[in-house]
>>> print(open('work.cif').read())   # mmCIF, C-alpha atoms
data_start
loop_
_atom_site.label_atom_id
_atom_site.label_comp_id
_atom_site.auth_asym_id
_atom_site.auth_seq_id
_atom_site.Cartn_x
_atom_site.Cartn_y
_atom_site.Cartn_z
CA MET A 1 80.46 128.23 12.61
CA ASN A 2 83.74 128.05 10.72
CA GLU A 3 84.44 131.70 11.30
CA SER A 4 85.21 131.00 14.94
CA THR A 5 88.04 128.55 14.32
CA GLU A 6 91.42 129.50 15.71
CA THR A 7 93.52 130.98 12.91
CA GLU A 8 96.49 132.28 14.88
CA THR A 9 99.90 130.89 14.12
CA ALA A 10 101.90 132.80 16.75
CA PRO A 11 101.62 131.42 20.31
CA HIS A 12 98.98 133.41 22.15
CA GLN A 13 97.83 133.41 25.76
CA HIS A 14 94.02 133.39 25.86
CA GLY A 15 92.46 135.83 28.31
CA TYR A 16 90.81 133.18 30.46
CA ILE A 17 93.95 131.07 30.99
CA SER A 18 94.92 132.89 34.18
CA ASN A 19 91.64 131.69 35.68
CA LYS A 20 91.33 128.21 34.16
CA ASP A 21 90.68 126.55 37.52
CA GLY A 22 87.88 128.99 38.32
CA TYR A 23 86.14 128.34 35.00
CA ARG A 24 86.60 124.59 35.33
CA LYS A 25 85.10 124.66 38.82
CA ARG A 26 82.06 126.64 37.62
CA LEU A 27 81.56 124.29 34.67
CA ARG A 28 81.86 121.26 36.95
CA ARG A 29 79.11 122.74 39.13
CA ILE A 30 76.98 123.24 36.00
CA GLU A 31 77.64 119.61 35.05
CA GLY A 32 76.35 118.66 38.52
CA GLN A 33 73.22 120.77 37.94
CA ALA A 34 72.58 118.80 34.70
CA ARG A 35 72.91 115.56 36.66
CA GLY A 36 70.59 116.90 39.36
CA LEU A 37 67.99 117.72 36.71
CA GLN A 38 68.06 114.12 35.43
CA GLY A 39 67.41 113.00 39.01
CA MET A 40 64.46 115.40 39.29
CA VAL A 41 62.92 113.93 36.11
CA THR A 42 63.55 110.37 37.37
CA ASP A 43 61.89 111.23 40.68
CA GLU A 44 58.99 112.88 38.80
CA LYS A 45 59.44 116.21 40.56
CA TYR A 46 57.01 119.04 39.94
CA CYS A 47 57.44 120.65 36.47
CA ILE A 48 57.76 124.18 37.86
CA ASP A 49 60.53 123.14 40.27
CA ILE A 50 62.46 121.59 37.36
CA LEU A 51 61.99 124.79 35.34
CA THR A 52 63.32 126.84 38.27
CA GLN A 53 66.48 124.70 38.31
CA ILE A 54 66.86 125.05 34.54
CA SER A 55 66.67 128.84 34.91
CA ALA A 56 69.37 128.74 37.61
CA MET A 57 71.57 126.54 35.40
CA THR A 58 71.05 128.81 32.38
CA ASN A 59 72.02 131.83 34.50
CA ALA A 60 75.20 130.07 35.68
CA LEU A 61 76.08 129.17 32.08
CA GLN A 62 75.46 132.69 30.79
CA SER A 63 77.57 134.09 33.60
CA VAL A 64 80.49 131.84 32.55
CA ALA A 65 79.98 133.00 28.94
CA LEU A 66 80.03 136.68 29.93
CA GLY A 67 83.21 136.13 31.95
CA LEU A 68 84.92 134.42 29.02
CA LEU A 69 83.75 137.13 26.66
CA ASP A 70 85.06 139.84 28.96
CA ASP A 71 88.44 138.10 29.22
CA HIS A 72 88.49 137.66 25.45
CA LEU A 73 87.69 141.31 24.72
CA ASN A 74 90.27 142.52 27.22
CA HIS A 75 93.07 140.33 25.86
CA CYS A 76 92.74 138.84 22.39
CA VAL A 77 90.61 141.62 20.91
CA VAL A 78 92.48 144.53 22.52
CA ASP A 79 95.81 143.03 21.40
CA ALA A 80 94.54 142.53 17.85
CA ALA A 81 93.07 146.04 17.74
CA ALA A 82 96.39 147.51 18.87
CA ALA A 83 98.19 145.57 16.11
CA GLY A 84 95.56 146.69 13.58
CA GLY A 85 95.05 145.38 10.05
CA GLU A 86 93.05 142.39 8.87
CA GLU A 87 93.53 140.41 12.09
CA ALA A 88 91.88 143.23 14.07
CA ASP A 89 88.89 143.26 11.70
CA LEU A 90 88.55 139.48 11.97
CA LYS A 91 88.66 139.56 15.79
CA MET A 92 86.00 142.26 15.95
CA ARG A 93 83.74 140.40 13.55
CA GLU A 94 84.03 137.08 15.36
CA ALA A 95 83.50 138.73 18.76
CA SER A 96 80.34 140.45 17.46
CA ALA A 97 79.08 137.15 16.05
CA ALA A 98 79.72 135.37 19.38
CA ILE A 99 77.85 138.10 21.27
CA ALA A 100 74.92 137.80 18.83
CA ARG A 101 74.80 134.01 19.39
CA LEU A 102 74.79 134.50 23.17
CA VAL A 103 72.01 137.08 23.02
CA ARG A 104 69.92 134.81 20.77
CA SER A 105 70.53 131.69 22.86
CA MET B 106 61.28 130.57 45.09
CA ASN B 107 58.84 129.05 47.59
CA GLU B 108 55.90 129.72 45.36
CA SER B 109 56.97 126.89 43.04
CA THR B 110 56.83 124.14 45.63
CA GLU B 111 54.44 121.27 44.97
CA THR B 112 51.28 121.81 46.98
CA GLU B 113 49.06 119.11 45.54
CA THR B 114 47.77 116.43 47.82
CA ALA B 115 45.85 114.35 45.27
CA PRO B 116 48.03 112.07 43.09
CA HIS B 117 48.72 113.85 39.83
CA GLN B 118 50.45 112.76 36.62
CA HIS B 119 52.83 115.52 35.51
CA GLY B 120 52.69 116.38 31.81
CA TYR B 121 56.26 115.35 31.06
CA ILE B 122 56.02 111.88 32.64
CA SER B 123 54.99 110.23 29.39
CA ASN B 124 58.31 111.33 27.92
CA LYS B 125 60.65 110.95 30.92
CA ASP B 126 63.21 108.95 28.94
CA GLY B 127 63.34 111.59 26.22
CA TYR B 128 63.98 114.39 28.75
CA ARG B 129 66.55 112.32 30.61
CA LYS B 130 68.40 111.59 27.37
CA ARG B 131 68.46 115.29 26.43
CA LEU B 132 69.68 116.26 29.90
CA ARG B 133 72.37 113.57 29.77
CA ARG B 134 73.56 115.05 26.47
CA ILE B 135 73.63 118.52 28.12
CA GLU B 136 75.65 117.05 31.00
CA GLY B 137 78.10 115.74 28.36
CA GLN B 138 78.31 119.23 26.85
CA ALA B 139 79.25 120.63 30.29
CA ARG B 140 81.99 117.99 30.55
CA GLY B 141 83.17 118.82 27.04
CA LEU B 142 83.43 122.50 27.98
CA GLN B 143 85.68 121.64 30.94
CA GLY B 144 87.90 119.74 28.51
CA MET B 145 88.04 122.75 26.19
CA VAL B 146 89.17 124.97 29.08
CA THR B 147 91.76 122.38 30.15
CA ASP B 148 93.08 122.18 26.57
CA GLU B 149 93.10 126.00 26.38
CA LYS B 150 90.86 126.09 23.33
CA TYR B 151 90.10 129.39 21.62
CA CYS B 152 87.69 131.59 23.65
CA ILE B 153 85.28 132.08 20.75
CA ASP B 154 85.01 128.32 20.16
CA ILE B 155 84.16 127.81 23.85
CA LEU B 156 81.52 130.56 23.62
CA THR B 157 80.00 128.85 20.57
CA GLN B 158 79.66 125.62 22.55
CA ILE B 159 78.11 127.49 25.49
CA SER B 160 75.54 129.01 23.12
CA ALA B 161 74.71 125.54 21.78
CA MET B 162 74.36 124.18 25.31
CA THR B 163 72.16 127.11 26.37
CA ASN B 164 69.92 126.51 23.34
CA ALA B 165 69.62 122.81 24.22
CA LEU B 166 68.72 123.71 27.81
CA GLN B 167 66.14 126.31 26.79
CA SER B 168 64.61 123.83 24.40
CA VAL B 169 64.17 121.31 27.26
CA ALA B 170 62.62 124.08 29.38
CA LEU B 171 60.17 125.04 26.62
CA GLY B 172 59.18 121.38 26.18
CA LEU B 173 58.56 120.98 29.92
CA LEU B 174 56.62 124.23 30.03
CA ASP B 175 54.47 123.16 27.10
CA ASP B 176 53.72 119.80 28.76
CA HIS B 177 52.98 121.61 32.02
CA LEU B 178 50.58 124.09 30.43
CA ASN B 179 48.79 121.34 28.50
CA HIS B 180 48.30 119.11 31.52
CA CYS B 181 48.64 120.60 35.00
CA VAL B 182 47.48 124.10 34.10
CA VAL B 183 44.65 123.07 31.78
CA ASP B 184 43.37 120.59 34.40
CA ALA B 185 43.53 123.22 37.14
CA ALA B 186 41.83 125.81 34.93
CA ALA B 187 39.00 123.38 34.17
CA ALA B 188 38.54 122.73 37.89
CA GLY B 189 38.65 126.49 38.59
CA GLY B 190 38.93 128.19 41.96
CA GLU B 191 42.03 129.05 43.93
CA GLU B 192 44.09 126.16 42.58
CA ALA B 193 43.59 127.47 39.03
CA ASP B 194 44.75 130.95 40.06
CA LEU B 195 47.81 129.51 41.78
CA LYS B 196 48.78 127.41 38.74
CA MET B 197 48.44 130.40 36.43
CA ARG B 198 50.55 132.59 38.69
CA GLU B 199 53.33 130.05 39.12
CA ALA B 200 53.40 129.28 35.38
CA SER B 201 53.71 133.01 34.61
CA ALA B 202 56.52 133.35 37.15
CA ALA B 203 58.37 130.37 35.65
CA ILE B 204 58.05 131.85 32.15
CA ALA B 205 59.38 135.18 33.44
CA ARG B 206 62.40 133.43 34.99
CA LEU B 207 63.11 131.60 31.71
CA VAL B 208 62.87 134.79 29.68
CA ARG B 209 65.20 136.61 32.08
CA SER B 210 67.72 133.74 32.25
#
>>> encode(input="work.cif", output="structure tokens")
Amino acid sequence: MNESTETETAPHQHGYISNKDGYRKRLRRIEGQARGLQGMVTDEKYCIDILTQISAMTNALQSVALGLLDDHLNHCVVDAAAAGGEEADLKMREASAAIARLVRS
Amino acid sequence: MNESTETETAPHQHGYISNKDGYRKRLRRIEGQARGLQGMVTDEKYCIDILTQISAMTNALQSVALGLLDDHLNHCVVDAAAAGGEEADLKMREASAAIARLVRS
């Protein structure tokens, strides 16, 4: 996964920065869901009920990913595309690869 | 999601119980991944690197779900199917619904 390492040298404002608190809050809730799932296993809850919670957690995680991706496309990628050249190609390729990983996951 | 609520009255050993510690350990690691993601947002890490971690976390979560589902099918569902009747139908329907939710999530 080396292709996704930050290569920029100029200071750059990532798209999601304006909503850092929102993303942190959603991820904290997801962390709580992971803790809740451990409790369900400890309490020997019914398998199907655990699976339902895992589906809800996966949906929450995918929704965060889609938000980040949208912010990324609308900031980093659009900026790079406007500038053109090799950097634009790189941004497009890494965005496509990230989307492919999300779809596969 | 009422259809997934435990309806059994007889004591029943869920399929995953024999490996509770293993599931708890994997879920604890997933909880750590959620905490790590919050740190990445706080540190304003590169969007694509955050997305890569989300994909890894989603894969880990789906792998836990598939393990639980496998245990469930091989214990609860097989037992119910052998007994037959309404209980068997119910188990099949709720397992199918859980699989559909996982595939959609």
>>> atom_distance(input="work.cif", atom1="atom CA of A:Leu37", atom2="atom CA of B:Met145")
23.2 Å
>>> closest_atom_pairs(input="work.cif", of="chain A", to="chain B", cutoff="7 Å", atoms="only C-alpha atoms", output="Markdown table")
| residue | atom | partner | partner_atom | distance |
| --- | --- | --- | --- | --- |
| A:Ser4 | CA | B:Asp154 | CA | 5.9 |
| A:Thr5 | CA | B:Asp154 | CA | 6.6 |
| A:Glu6 | CA | B:Tyr151 | CA | 6.1 |
| A:His14 | CA | B:Cys152 | CA | 6.9 |
| A:Ile17 | CA | B:Glu149 | CA | 6.9 |
| A:Lys20 | CA | B:Val146 | CA | 6.4 |
| A:Arg24 | CA | B:Gln143 | CA | 5.4 |
| A:Leu27 | CA | B:Gln143 | CA | 6.2 |
| A:Ile30 | CA | B:Ala139 | CA | 6.7 |
| A:Glu31 | CA | B:Ala139 | CA | 5.1 |
| A:Ala34 | CA | B:Glu136 | CA | 5.1 |
| A:Arg35 | CA | B:Glu136 | CA | 6.5 |
| A:Gln38 | CA | B:Arg129 | CA | 5.4 |
| A:Val41 | CA | B:Lys125 | CA | 6.4 |
| A:Glu44 | CA | B:Ile122 | CA | 6.9 |
| A:Tyr46 | CA | B:Glu111 | CA | 6.1 |
| A:Cys47 | CA | B:His177 | CA | 6.4 |
| A:Ile48 | CA | B:Ser109 | CA | 5.9 |
| A:Asp49 | CA | B:Ser109 | CA | 5.9 |
| A:Leu51 | CA | B:Ala170 | CA | 6.0 |
| A:Thr52 | CA | B:Ala203 | CA | 6.6 |
| A:Ile54 | CA | B:Ala170 | CA | 6.7 |
| A:Ser55 | CA | B:Leu207 | CA | 5.5 |
| A:Thr58 | CA | B:Ser210 | CA | 6.0 |
| A:Asn59 | CA | B:Ser210 | CA | 5.2 |
| A:Ala65 | CA | B:Leu156 | CA | 6.1 |
| A:Leu68 | CA | B:Cys152 | CA | 6.7 |
| A:His72 | CA | B:Cys152 | CA | 6.4 |
| A:Ala98 | CA | B:Ile153 | CA | 6.6 |
| A:Arg101 | CA | B:Ser160 | CA | 6.3 |
| A:Leu102 | CA | B:Ser160 | CA | 5.5 |
| A:Ser105 | CA | B:Asn164 | CA | 5.2 |
>>> calpha_fit_and_write(input="work.cif", fixed="chain B", moving="chain A", output="tab-separated table (two decimals) with C-alpha atoms, keeping the file's coordinate frame")
chain	number	residue	atom	x	y	z
A	1	MET	CA	61.27	130.50	45.06
A	2	ASN	CA	58.85	129.02	47.57
A	3	GLU	CA	55.90	129.70	45.35
A	4	SER	CA	56.96	126.89	43.04
A	5	THR	CA	56.85	124.13	45.63
A	6	GLU	CA	54.46	121.28	44.96
A	7	THR	CA	51.29	121.84	46.98
A	8	GLU	CA	49.06	119.13	45.54
A	9	THR	CA	47.78	116.45	47.85
A	10	ALA	CA	45.87	114.36	45.28
A	11	PRO	CA	48.06	112.09	43.11
A	12	HIS	CA	48.73	113.87	39.84
A	13	GLN	CA	50.45	112.79	36.64
A	14	HIS	CA	52.84	115.54	35.51
A	15	GLY	CA	52.68	116.39	31.81
A	16	TYR	CA	56.25	115.36	31.06
A	17	ILE	CA	56.03	111.89	32.64
A	18	SER	CA	54.98	110.22	29.39
A	19	ASN	CA	58.30	111.34	27.92
A	20	LYS	CA	60.63	110.95	30.91
A	21	ASP	CA	63.20	108.95	28.94
A	22	GLY	CA	63.34	111.59	26.22
A	23	TYR	CA	63.96	114.38	28.73
A	24	ARG	CA	66.54	112.32	30.60
A	25	LYS	CA	68.39	111.59	27.36
A	26	ARG	CA	68.46	115.29	26.41
A	27	LEU	CA	69.67	116.27	29.88
A	28	ARG	CA	72.36	113.58	29.77
A	29	ARG	CA	73.57	115.05	26.47
A	30	ILE	CA	73.64	118.50	28.11
A	31	GLU	CA	75.64	117.03	30.99
A	32	GLY	CA	78.11	115.73	28.37
A	33	GLN	CA	78.31	119.22	26.84
A	34	ALA	CA	79.25	120.61	30.29
A	35	ARG	CA	81.99	117.99	30.56
A	36	GLY	CA	83.18	118.81	27.04
A	37	LEU	CA	83.43	122.48	27.99
A	38	GLN	CA	85.69	121.63	30.96
A	39	GLY	CA	87.91	119.73	28.52
A	40	MET	CA	88.04	122.75	26.19
A	41	VAL	CA	89.18	124.98	29.09
A	42	THR	CA	91.77	122.37	30.16
A	43	ASP	CA	93.08	122.18	26.60
A	44	GLU	CA	93.12	126.01	26.41
A	45	LYS	CA	90.88	126.11	23.35
A	46	TYR	CA	90.12	129.40	21.65
A	47	CYS	CA	87.69	131.60	23.67
A	48	ILE	CA	85.28	132.07	20.76
A	49	ASP	CA	85.02	128.31	20.17
A	50	ILE	CA	84.16	127.81	23.86
A	51	LEU	CA	81.53	130.55	23.63
A	52	THR	CA	80.02	128.85	20.56
A	53	GLN	CA	79.66	125.62	22.56
A	54	ILE	CA	78.12	127.50	25.48
A	55	SER	CA	75.54	129.00	23.11
A	56	ALA	CA	74.71	125.52	21.76
A	57	MET	CA	74.36	124.18	25.31
A	58	THR	CA	72.16	127.11	26.36
A	59	ASN	CA	69.93	126.51	23.32
A	60	ALA	CA	69.61	122.80	24.21
A	61	LEU	CA	68.72	123.71	27.81
A	62	GLN	CA	66.15	126.31	26.78
A	63	SER	CA	64.60	123.82	24.38
A	64	VAL	CA	64.17	121.30	27.23
A	65	ALA	CA	62.62	124.09	29.35
A	66	LEU	CA	60.15	125.04	26.60
A	67	GLY	CA	59.17	121.39	26.17
A	68	LEU	CA	58.56	120.99	29.90
A	69	LEU	CA	56.62	124.23	30.00
A	70	ASP	CA	54.46	123.15	27.09
A	71	ASP	CA	53.74	119.80	28.75
A	72	HIS	CA	52.97	121.60	32.01
A	73	LEU	CA	50.57	124.08	30.41
A	74	ASN	CA	48.79	121.34	28.49
A	75	HIS	CA	48.30	119.10	31.53
A	76	CYS	CA	48.63	120.59	35.00
A	77	VAL	CA	47.48	124.10	34.10
A	78	VAL	CA	44.64	123.05	31.78
A	79	ASP	CA	43.38	120.58	34.40
A	80	ALA	CA	43.54	123.21	37.15
A	81	ALA	CA	41.82	125.80	34.94
A	82	ALA	CA	39.01	123.35	34.18
A	83	ALA	CA	38.56	122.70	37.92
A	84	GLY	CA	38.65	126.45	38.61
A	85	GLY	CA	38.94	128.18	41.98
A	86	GLU	CA	42.04	129.05	43.97
A	87	GLU	CA	44.11	126.16	42.59
A	88	ALA	CA	43.60	127.48	39.04
A	89	ASP	CA	44.75	130.96	40.08
A	90	LEU	CA	47.82	129.51	41.80
A	91	LYS	CA	48.76	127.42	38.74
A	92	MET	CA	48.45	130.41	36.42
A	93	ARG	CA	50.54	132.60	38.70
A	94	GLU	CA	53.32	130.05	39.12
A	95	ALA	CA	53.38	129.30	35.38
A	96	SER	CA	53.69	133.03	34.61
A	97	ALA	CA	56.50	133.36	37.15
A	98	ALA	CA	58.36	130.37	35.63
A	99	ILE	CA	58.02	131.86	32.14
A	100	ALA	CA	59.36	135.21	33.43
A	101	ARG	CA	62.39	133.43	34.98
A	102	LEU	CA	63.09	131.62	31.70
A	103	VAL	CA	62.86	134.82	29.66
A	104	ARG	CA	65.18	136.62	32.09
A	105	SER	CA	67.69	133.77	32.26
>>> atom_distance(input="work.cif", atom1="atom CA of A:Gly84", atom2="atom CA of A:Gly67")
24.5 Å
>>> atom_distance(input="work.cif", atom1="atom CA of A:Met92", atom2="atom CA of A:Ala80")
8.8 Å
>>> axis_aligned_box(input="work.cif", around="stretch 168-179 of chain B", padding_each_side="3 Å", output="JSON")
{"center_x": 56.7, "center_y": 122.4, "center_z": 28.2, "size_x": 21.8, "size_y": 11.2, "size_z": 13.6}
>>> decode(input="work.cif", residues="stretch 132-206 of chain B", atoms="C-alpha atoms", output="short mmCIF file (atom, residue, chain, number, x, y, z; two decimals), in the first residue's frame")
data_model
loop_
_atom_site.label_atom_id
_atom_site.label_comp_id
_atom_site.auth_asym_id
_atom_site.auth_seq_id
_atom_site.Cartn_x
_atom_site.Cartn_y
_atom_site.Cartn_z
CA LEU B 132 -13.11 -7.29 18.26
CA ARG B 133 -10.70 -5.65 20.70
CA ARG B 134 -8.22 -5.26 17.84
CA ILE B 135 -11.01 -3.70 15.71
CA GLU B 136 -11.79 -1.32 18.59
CA GLY B 137 -8.09 -0.35 18.56
CA GLN B 138 -8.32 0.30 14.81
CA ALA B 139 -11.26 2.67 15.43
CA ARG B 140 -9.16 4.50 18.02
CA GLY B 141 -6.23 4.64 15.62
CA LEU B 142 -8.47 6.20 12.96
CA GLN B 143 -9.50 8.97 15.37
CA GLY B 144 -5.80 9.65 15.93
CA MET B 145 -5.21 9.83 12.17
CA VAL B 146 -7.99 12.43 11.83
CA THR B 147 -6.61 14.40 14.79
CA ASP B 148 -3.13 14.35 13.24
CA GLU B 149 -4.62 15.36 9.87
CA LYS B 150 -3.19 12.35 8.07
CA TYR B 151 -3.58 12.01 4.31
CA CYS B 152 -7.17 11.11 3.28
CA ILE B 153 -6.10 8.10 1.20
CA ASP B 154 -4.11 6.63 4.11
CA ILE B 155 -7.18 6.95 6.36
CA LEU B 156 -9.32 5.24 3.69
CA THR B 157 -6.79 2.39 3.49
CA GLN B 158 -7.11 1.85 7.24
CA ILE B 159 -10.91 1.94 7.01
CA SER B 160 -10.78 -0.75 4.32
CA ALA B 161 -8.56 -2.90 6.55
CA MET B 162 -10.92 -2.41 9.48
CA THR B 163 -13.97 -3.25 7.34
CA ASN B 164 -12.26 -6.43 6.15
CA ALA B 165 -11.48 -7.43 9.75
CA LEU B 166 -15.10 -6.81 10.74
CA GLN B 167 -16.51 -8.75 7.79
CA SER B 168 -14.17 -11.62 8.59
CA VAL B 169 -15.54 -11.75 12.17
CA ALA B 170 -19.09 -11.69 10.76
CA LEU B 171 -18.35 -14.55 8.35
CA GLY B 172 -16.83 -16.60 11.19
CA LEU B 173 -19.89 -16.03 13.39
CA LEU B 174 -22.21 -16.85 10.52
CA ASP B 175 -20.32 -20.05 9.78
CA ASP B 176 -20.51 -21.10 13.45
CA HIS B 177 -24.20 -20.20 13.50
CA LEU B 178 -25.03 -22.21 10.39
CA ASN B 179 -23.06 -25.22 11.63
CA HIS B 180 -24.70 -25.27 15.04
CA CYS B 181 -27.97 -23.41 15.57
CA VAL B 182 -29.26 -23.80 12.02
CA VAL B 183 -28.18 -27.40 11.51
CA ASP B 184 -29.72 -28.37 14.87
CA ALA B 185 -32.97 -26.59 14.02
CA ALA B 186 -33.06 -28.14 10.55
CA ALA B 187 -32.60 -31.62 12.03
CA ALA B 188 -35.48 -30.98 14.45
CA GLY B 189 -37.62 -29.62 11.59
CA GLY B 190 -40.91 -27.78 11.87
CA GLU B 191 -41.54 -24.09 12.36
CA GLU B 192 -38.33 -23.48 14.31
CA ALA B 193 -36.30 -24.74 11.34
CA ASP B 194 -38.14 -22.39 8.97
CA LEU B 195 -37.58 -19.46 11.31
CA LYS B 196 -33.84 -20.17 11.63
CA MET B 197 -33.44 -20.42 7.87
CA ARG B 198 -35.30 -17.16 7.29
CA GLU B 199 -33.36 -15.21 9.90
CA ALA B 200 -30.02 -16.60 8.66
CA SER B 201 -30.90 -15.54 5.10
CA ALA B 202 -31.88 -12.07 6.31
CA ALA B 203 -28.60 -11.72 8.24
CA ILE B 204 -26.60 -12.77 5.17
CA ALA B 205 -28.51 -10.22 3.06
CA ARG B 206 -27.70 -7.46 5.58
#
